[in-house]
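Chemist: work-v1.pdb (PDB, C-alpha atoms) pasted underneath:
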```
ATOM      1  CA  MET A   1     110.881  34.713  -5.579
ATOM      2  CA  SER A   2     109.488  31.403  -4.256
ATOM      3  CA  SER A   3     107.050  31.240  -7.201
ATOM      4  CA  ARG A   4     109.974  31.440  -9.608
ATOM      5  CA  ARG A   5     111.621  28.501  -7.903
ATOM      6  CA  SER A   6     108.518  26.292  -7.931
ATOM      7  CA  ARG A   7     107.870  27.112 -11.602
ATOM      8  CA  SER A   8     111.267  25.786 -12.652
ATOM      9  CA  ARG A   9     110.762  22.644 -10.597
ATOM     10  CA  GLN A  10     107.511  21.976 -12.429
ATOM     11  CA  THR A  11     109.084  22.283 -15.892
ATOM     12  CA  GLY A  12     111.861  19.916 -14.827
ATOM     13  CA  SER A  13     114.403  21.495 -17.201
ATOM     14  CA  THR A  14     118.123  21.192 -16.539
ATOM     15  CA  SER A  15     118.755  24.967 -16.686
ATOM     16  CA  ARG A  16     116.988  26.876 -13.947
ATOM     17  CA  ILE A  17     116.732  30.029 -16.011
ATOM     18  CA  SER A  18     115.040  30.031 -19.427
ATOM     19  CA  ASP A  19     116.561  31.814 -22.409
ATOM     20  CA  ASP A  20     113.365  33.768 -22.959
ATOM     21  CA  GLN A  21     113.514  35.162 -19.455
ATOM     22  CA  ILE A  22     117.082  36.297 -20.005
ATOM     23  CA  THR A  23     116.260  37.849 -23.383
ATOM     24  CA  ASP A  24     113.315  39.653 -21.849
ATOM     25  CA  LEU A  25     115.367  41.070 -19.007
ATOM     26  CA  VAL A  26     118.206  42.070 -21.336
ATOM     27  CA  SER A  27     115.829  43.986 -23.601
ATOM     28  CA  LYS A  28     114.303  45.630 -20.534
ATOM     29  CA  LEU A  29     117.794  46.798 -19.536
ATOM     30  CA  HIS A  30     118.482  47.937 -23.084
ATOM     31  CA  GLN A  31     115.531  50.293 -22.930
ATOM     32  CA  LEU A  32     116.983  51.995 -19.879
ATOM     33  CA  LEU A  33     120.254  52.817 -21.593
ATOM     34  CA  PRO A  34     120.734  56.218 -23.201
ATOM     35  CA  GLU A  35     120.424  55.695 -26.961
ATOM     36  CA  ILE A  36     123.236  57.757 -28.395
ATOM     37  CA  ARG A  37     124.983  55.633 -30.967
ATOM     38  CA  ASN A  38     122.657  52.739 -31.676
ATOM     39  CA  ALA A  39     120.769  53.092 -34.936
ATOM     40  CA  HIS A  40     119.511  49.479 -34.986
ATOM     41  CA  SER A  41     118.514  49.242 -31.352
ATOM     42  CA  ASP A  42     116.669  45.956 -31.759
ATOM     43  CA  LYS A  43     119.644  44.046 -33.170
ATOM     44  CA  VAL A  44     122.088  44.573 -30.308
ATOM     45  CA  SER A  45     123.563  41.443 -28.754
ATOM     46  CA  SER A  46     123.057  40.777 -25.052
ATOM     47  CA  ALA A  47     126.803  40.944 -24.434
ATOM     48  CA  LYS A  48     126.830  44.433 -25.928
ATOM     49  CA  VAL A  49     123.871  45.466 -23.762
ATOM     50  CA  LEU A  50     125.656  44.228 -20.642
ATOM     51  CA  GLN A  51     128.811  46.070 -21.659
ATOM     52  CA  GLU A  52     126.881  49.279 -22.283
ATOM     53  CA  THR A  53     125.085  48.822 -18.973
ATOM     54  CA  CYS A  54     128.405  48.569 -17.137
ATOM     55  CA  ASN A  55     129.627  51.742 -18.819
ATOM     56  CA  TYR A  56     126.374  53.518 -18.047
ATOM     57  CA  ILE A  57     126.453  52.563 -14.355
ATOM     58  CA  ARG A  58     130.057  53.729 -14.110
ATOM     59  CA  SER A  59     129.143  57.076 -15.669
ATOM     60  CA  LEU A  60     126.205  57.419 -13.270
ATOM     61  CA  HIS A  61     128.514  56.745 -10.319
ATOM     62  CA  ARG A  62     130.915  59.386 -11.609
ATOM     63  CA  GLU A  63     128.079  61.878 -11.992
ATOM     64  CA  VAL A  64     126.938  61.274  -8.411
ATOM     65  CA  ASP A  65     130.520  61.830  -7.274
ATOM     66  CA  ASP A  66     130.805  65.066  -9.279
ATOM     67  CA  LEU A  67     127.491  66.436  -8.069
ATOM     68  CA  SER A  68     128.279  65.557  -4.453
ATOM     69  CA  GLU A  69     131.577  67.403  -4.765
ATOM     70  CA  ARG A  70     129.949  70.471  -6.348
ATOM     71  CA  LEU A  71     127.219  70.445  -3.718
ATOM     72  CA  SER A  72     129.781  70.288  -0.924
ATOM     73  CA  GLU A  73     131.453  73.422  -2.282
ATOM     74  CA  LEU A  74     128.149  75.197  -2.824
ATOM     75  CA  LEU A  75     126.751  74.409   0.596
ATOM     76  CA  ALA A  76     129.974  75.530   2.225
ATOM     77  CA  THR A  77     130.039  78.903   0.508
ATOM     78  CA  THR A  78     126.358  79.761   0.242
ATOM     79  CA  ASP A  79     125.065  81.854   3.103
ATOM     80  CA  ASN A  80     121.542  80.672   2.597
ATOM     81  CA  ALA A  81     122.302  76.972   2.057
ATOM     82  CA  GLN A  82     119.445  75.956   4.316
ATOM     83  CA  ALA A  83     117.017  78.083   2.301
ATOM     84  CA  ALA A  84     118.170  76.325  -0.862
ATOM     85  CA  ILE A  85     117.555  72.925   0.746
ATOM     86  CA  ILE A  86     114.069  73.886   1.865
ATOM     87  CA  ARG A  87     113.306  75.306  -1.551
ATOM     88  CA  THR A  88     114.212  72.016  -3.249
ATOM     89  CA  LEU A  89     111.924  70.219  -0.834
ATOM     90  CA  LEU A  90     109.043  72.561  -1.625
ATOM     91  CA  MET A  91     109.612  72.211  -5.345
ATOM     92  CA  GLN A  92     108.437  68.577  -5.256
TER      93      GLN A  92
ATOM     94  CA  MET B   1     104.002  64.406  -6.653
ATOM     95  CA  ASN B   2     103.004  61.174  -4.983
ATOM     96  CA  PRO B   3     104.093  61.515  -1.329
ATOM     97  CA  SER B   4     104.786  57.809  -0.955
ATOM     98  CA  SER B   5     106.758  57.464  -4.192
ATOM     99  CA  LEU B   6     110.392  56.419  -4.146
ATOM    100  CA  LYS B   7     111.451  59.852  -5.373
ATOM    101  CA  SER B   8     109.546  61.601  -2.616
ATOM    102  CA  ARG B   9     110.864  59.263   0.088
ATOM    103  CA  PHE B  10     114.411  59.715  -1.153
ATOM    104  CA  THR B  11     114.080  63.506  -1.407
ATOM    105  CA  THR B  12     112.803  63.873   2.147
ATOM    106  CA  ARG B  13     115.522  61.654   3.603
ATOM    107  CA  PHE B  14     118.316  63.157   1.575
ATOM    108  CA  LEU B  15     117.388  66.789   2.240
ATOM    109  CA  ARG B  16     117.051  66.016   5.929
ATOM    110  CA  ALA B  17     120.592  64.583   5.850
ATOM    111  CA  LEU B  18     121.836  67.630   3.937
ATOM    112  CA  THR B  19     120.381  69.874   6.626
ATOM    113  CA  LYS B  20     122.363  67.986   9.271
ATOM    114  CA  ILE B  21     125.539  68.180   7.195
ATOM    115  CA  ASN B  22     124.954  71.862   6.656
ATOM    116  CA  ALA B  23     124.592  72.411  10.381
ATOM    117  CA  HIS B  24     128.177  71.182  10.845
ATOM    118  CA  LYS B  25     129.511  74.491   9.550
ATOM    119  CA  PRO B  26     132.052  76.027  11.963
ATOM    120  CA  ILE B  27     130.968  79.538  12.894
ATOM    121  CA  SER B  28     134.497  80.882  13.421
ATOM    122  CA  SER B  29     136.094  80.326   9.982
ATOM    123  CA  SER B  30     135.055  82.607   7.162
ATOM    124  CA  SER B  31     136.176  80.359   4.309
ATOM    125  CA  PRO B  32     136.201  76.542   4.510
ATOM    126  CA  GLY B  33     139.481  74.670   3.956
ATOM    127  CA  PRO B  34     139.820  71.931   1.312
ATOM    128  CA  GLY B  35     139.876  69.241   4.011
ATOM    129  CA  GLU B  36     136.535  70.402   5.298
ATOM    130  CA  ILE B  37     135.043  70.444   1.811
ATOM    131  CA  PHE B  38     136.331  66.922   1.193
ATOM    132  CA  GLN B  39     134.757  65.710   4.428
ATOM    133  CA  ARG B  40     131.502  67.374   3.429
ATOM    134  CA  TYR B  41     131.670  65.774  -0.009
ATOM    135  CA  ARG B  42     132.106  62.338   1.586
ATOM    136  CA  ARG B  43     129.184  62.952   3.916
ATOM    137  CA  ILE B  44     126.942  64.099   1.059
ATOM    138  CA  LYS B  45     127.828  61.081  -1.056
ATOM    139  CA  VAL B  46     127.142  58.682   1.824
ATOM    140  CA  ALA B  47     123.896  60.539   2.556
ATOM    141  CA  ALA B  48     122.784  60.130  -1.061
ATOM    142  CA  ASP B  49     123.511  56.374  -1.103
ATOM    143  CA  LYS B  50     122.108  55.822   2.370
ATOM    144  CA  SER B  51     118.921  57.767   1.623
ATOM    145  CA  MET B  52     118.303  55.776  -1.513
ATOM    146  CA  ALA B  53     118.987  52.420   0.132
ATOM    147  CA  TYR B  54     116.690  53.274   3.050
ATOM    148  CA  SER B  55     113.981  54.449   0.682
ATOM    149  CA  VAL B  56     114.047  51.113  -1.094
ATOM    150  CA  ARG B  57     114.458  49.323   2.251
ATOM    151  CA  SER B  58     115.027  45.583   2.111
ATOM    152  CA  ARG B  59     112.841  44.980  -0.927
ATOM    153  CA  ARG B  60     115.858  44.643  -3.177
ATOM    154  CA  THR B  61     119.063  42.647  -2.872
ATOM    155  CA  TRP B  62     121.156  45.639  -3.947
ATOM    156  CA  SER B  63     119.636  47.922  -1.302
ATOM    157  CA  ARG B  64     120.150  45.295   1.402
ATOM    158  CA  ALA B  65     123.782  44.954   0.313
ATOM    159  CA  THR B  66     124.252  48.745   0.398
ATOM    160  CA  LEU B  67     122.711  49.011   3.854
ATOM    161  CA  TRP B  68     124.910  46.181   5.097
ATOM    162  CA  ARG B  69     127.979  47.831   3.624
ATOM    163  CA  LEU B  70     127.097  51.210   5.144
ATOM    164  CA  ARG B  71     126.471  49.709   8.578
ATOM    165  CA  THR B  72     129.694  47.732   8.711
ATOM    166  CA  ARG B  73     132.121  50.378   7.463
ATOM    167  CA  SER B  74     135.194  49.411   9.473
ATOM    168  CA  PRO B  75     138.710  48.178   8.500
ATOM    169  CA  ARG B  76     137.816  44.709   9.734
ATOM    170  CA  SER B  77     134.716  44.498   7.575
ATOM    171  CA  ARG B  78     136.684  45.700   4.543
ATOM    172  CA  LEU B  79     138.861  42.617   4.983
ATOM    173  CA  ALA B  80     135.767  40.465   5.258
ATOM    174  CA  THR B  81     134.326  41.957   2.055
ATOM    175  CA  HIS B  82     137.632  41.361   0.257
ATOM    176  CA  ALA B  83     137.771  37.784   1.478
ATOM    177  CA  ARG B  84     134.174  37.243   0.437
ATOM    178  CA  ARG B  85     134.840  38.681  -3.019
ATOM    179  CA  SER B  86     137.864  36.484  -3.687
ATOM    180  CA  TRP B  87     135.894  33.427  -2.521
ATOM    181  CA  VAL B  88     133.087  34.270  -4.930
ATOM    182  CA  LYS B  89     135.599  34.829  -7.753
ATOM    183  CA  THR B  90     137.158  31.395  -7.160
ATOM    184  CA  ARG B  91     133.709  29.846  -7.133
ATOM    185  CA  SER B  92     132.587  31.447 -10.389
ATOM    186  CA  THR B  93     135.900  30.676 -12.175
ATOM    187  CA  ARG B  94     135.519  27.040 -11.194
ATOM    188  CA  ALA B  95     131.972  27.031 -12.479
ATOM    189  CA  ALA B  96     133.010  28.707 -15.740
ATOM    190  CA  SER B  97     135.525  25.943 -16.450
ATOM    191  CA  HIS B  98     132.637  23.432 -16.495
ATOM    192  CA  GLY B  99     130.954  24.347 -19.789
ATOM    193  CA  LYS B 100     127.593  22.905 -18.685
ATOM    194  CA  GLU B 101     127.322  25.067 -15.599
ATOM    195  CA  LYS B 102     128.328  28.258 -17.377
ATOM    196  CA  LYS B 103     124.803  29.215 -18.364
ATOM    197  CA  GLU B 104     123.309  28.396 -14.982
ATOM    198  CA  ASP B 105     125.922  30.431 -13.171
ATOM    199  CA  GLY B 106     125.411  33.274 -15.623
ATOM    200  CA  GLY B 107     129.162  33.617 -15.754
ATOM    201  CA  THR B 108     129.970  35.606 -18.862
ATOM    202  CA  VAL B 109     132.730  38.191 -18.671
ATOM    203  CA  GLU B 110     130.279  41.064 -19.023
ATOM    204  CA  ALA B 111     128.010  39.655 -16.329
ATOM    205  CA  GLU B 112     130.966  39.395 -13.953
ATOM    206  CA  GLU B 113     131.806  43.037 -14.647
ATOM    207  CA  LEU B 114     128.204  43.972 -13.928
ATOM    208  CA  ARG B 115     128.247  41.944 -10.724
ATOM    209  CA  GLU B 116     131.018  44.137  -9.392
ATOM    210  CA  LEU B 117     129.089  47.313 -10.145
ATOM    211  CA  VAL B 118     125.730  46.377  -8.658
ATOM    212  CA  PRO B 119     125.783  46.070  -4.843
ATOM    213  CA  GLY B 120     125.356  42.456  -3.810
ATOM    214  CA  GLY B 121     125.796  41.349  -7.395
ATOM    215  CA  GLU B 122     128.284  38.601  -6.618
ATOM    216  CA  ALA B 123     125.627  36.481  -4.982
ATOM    217  CA  MET B 124     123.008  36.815  -7.729
ATOM    218  CA  ASP B 125     122.263  34.478 -10.593
ATOM    219  CA  LEU B 126     121.997  36.077 -14.033
ATOM    220  CA  CYS B 127     118.230  36.456 -13.917
ATOM    221  CA  ASN B 128     118.240  38.299 -10.596
ATOM    222  CA  LEU B 129     121.290  40.323 -11.612
ATOM    223  CA  LEU B 130     119.527  41.721 -14.688
ATOM    224  CA  ASP B 131     116.380  42.470 -12.733
ATOM    225  CA  GLU B 132     118.263  44.151  -9.885
ATOM    226  CA  THR B 133     120.392  46.143 -12.342
ATOM    227  CA  ALA B 134     117.306  47.642 -13.980
ATOM    228  CA  HIS B 135     115.970  48.775 -10.625
ATOM    229  CA  TYR B 136     119.387  50.000  -9.508
ATOM    230  CA  ILE B 137     119.732  52.158 -12.631
ATOM    231  CA  LYS B 138     116.269  53.664 -12.086
ATOM    232  CA  CYS B 139     117.219  54.557  -8.521
ATOM    233  CA  LEU B 140     120.581  56.032  -9.569
ATOM    234  CA  THR B 141     118.888  58.304 -12.106
ATOM    235  CA  THR B 142     116.356  59.405  -9.477
ATOM    236  CA  GLN B 143     119.226  60.145  -7.091
ATOM    237  CA  LEU B 144     120.978  62.197  -9.776
ATOM    238  CA  ASP B 145     117.825  64.132 -10.566
ATOM    239  CA  ILE B 146     117.470  65.335  -6.983
ATOM    240  CA  LEU B 147     121.194  66.071  -6.590
ATOM    241  CA  ASP B 148     121.076  68.075  -9.777
ATOM    242  CA  ARG B 149     118.021  69.959  -8.649
ATOM    243  CA  GLN B 150     119.631  70.815  -5.325
ATOM    244  CA  GLU B 151     122.731  72.066  -7.114
ATOM    245  CA  CYS B 152     120.666  74.317  -9.381
ATOM    246  CA  THR B 153     118.695  75.688  -6.469
ATOM    247  CA  SER B 154     121.852  76.342  -4.498
ATOM    248  CA  ARG B 155     123.343  78.267  -7.414
ATOM    249  CA  GLU B 156     120.283  80.441  -7.832
ATOM    250  CA  LEU B 157     120.282  81.709  -4.299
TER     251      LEU B 157
END
```
Would you encode the structure as structure tokens?

Modeler:
Amino acid sequence: MSSRRSRSRQTGSTSRISDDQITDLVSKLHQLLPEIRNAHSDKVSSAKVLQETCNYIRSLHREVDDLSERLSELLATTDNAQAAIIRTLLMQ
Amino acid sequence: MNPSSLKSRFTTRFLRALTKINAHKPISSSSPGPGEIFQRYRRIKVAADKSMAYSVRSRRTWSRATLWRLRTRSPRSRLATHARRSWVKTRSTRAASHGKEKKEDGGTVEAEELRELVPGGEAMDLCNLLDETAHYIKCLTTQLDILDRQECTSREL
């Protein structure tokens, strides 16, 4: 992090963050998103990527919620819940 | 699998937490009430977030923010978080009104939305926010993978 700071001081530009850096990071994010609708994936605007990212994170949060709820029911009703936990551990 | 990988560290922590939660089962009741299941669901969700944040440790801003939030879960701290959030909002709105500072602050509407979703996002500039978001998404998908696996295993037995 300190190297990033000193680099910008050396260039002496008014904006601390370069456009290229932002574009790079946005495209990196874009690659993480599930590609369902985008046919022209390389022509998406950064605002669209950020919007899609927000939606994706929200859906991931919802999925974690759902799975936690299902797990709570399963662990409560399964006799051998502990065996299931150990089995998941051994599966790694 | 690599024993020191993030996935492995998370799995070990999370399954250990699940074991503890599972041990809370009351021996007397034959079928659990909905209140008990809800409590268990809350505990599992917290365990999943806690395990992931601890596995990442303090290497990331988002994990530090999550750990801080988990440690200070009290009504008083909720007020503090709310106060902090409204202060940050005022600050970024003021910055957005100055056209020059808009880029530096990274204050687009979508970025602000993202800041609310990523833990600790309010304090990050755009560059860090994008970087942290990428890592956060990777960790969320890892978390989901293990949760899913545990669900499948539990159904099989």

Chemist: Residues of chain B that approach chain A to 7 Å or less, counting only C-alpha atoms: could you list each one with the shortest pair of atoms and its distance in Å to one decimal, rows by chain and increasing residue number, as CSV?

Modeler:
```
residue,atom,partner,partner_atom,distance
B:Met1,CA,A:Gln92,CA,6.2
B:Leu15,CA,A:Ile85,CA,6.3
B:Thr19,CA,A:Gln82,CA,6.6
B:Asn22,CA,A:Leu75,CA,6.8
B:Pro32,CA,A:Ala76,CA,6.7
B:Ile37,CA,A:Ser72,CA,5.9
B:Arg40,CA,A:Ser72,CA,5.5
B:Tyr41,CA,A:Ser72,CA,5.0
B:Ile44,CA,A:Ser68,CA,5.9
B:Lys45,CA,A:Ser68,CA,5.6
B:Glu104,CA,A:Ser15,CA,5.9
B:Glu110,CA,A:Leu50,CA,5.8
B:Ala111,CA,A:Leu50,CA,6.7
B:Glu113,CA,A:Cys54,CA,7.0
B:Leu114,CA,A:Cys54,CA,5.6
B:Cys127,CA,A:Ile22,CA,6.2
B:Leu130,CA,A:Leu25,CA,6.0
B:Asp131,CA,A:Leu25,CA,6.5
B:Ala134,CA,A:Leu29,CA,5.6
B:Ile137,CA,A:Ile57,CA,7.0
B:Leu140,CA,A:Leu60,CA,6.9
B:Leu144,CA,A:Val64,CA,6.2
B:Leu147,CA,A:Leu67,CA,6.5
B:Asp148,CA,A:Leu67,CA,6.8
B:Arg149,CA,A:Thr88,CA,6.9
B:Gln150,CA,A:Thr88,CA,5.9
B:Glu151,CA,A:Leu71,CA,5.9
B:Thr153,CA,A:Ala84,CA,5.7
B:Ser154,CA,A:Ala84,CA,5.2
B:Leu157,CA,A:Ala84,CA,6.7
```

Chemist: What gap, in Å, lies between atom CA of B:Ile21 and atom CA of B:Arg43?

Modeler: 7.2 Å

Chemist: Excluding B:Thr142 and its own-chain neighbours fewer than 5 positions away, which residues fall within 10 Å of it when counting all atoms listed in the file? Please give them as number ranges by chain.

Modeler: B: 6-8, 10-11, 52, 136-137, 147-148

Chemist: What is the atom CA of B:Glu156-atom CA of B:Phe38 distance in Å, reported with one decimal?

Modeler: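 These atoms are spaced 22.8 Å apart.
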
Chemist: For a quick check of understanding, using all atoms listed in the file, which of B:Glu112, B:Cys152, B:Glu36, B:Val46 has the smallest distance to B:Arg73?

Modeler: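 Counting all atoms listed in the file, the residue closest to B:Arg73 is B:Val46.
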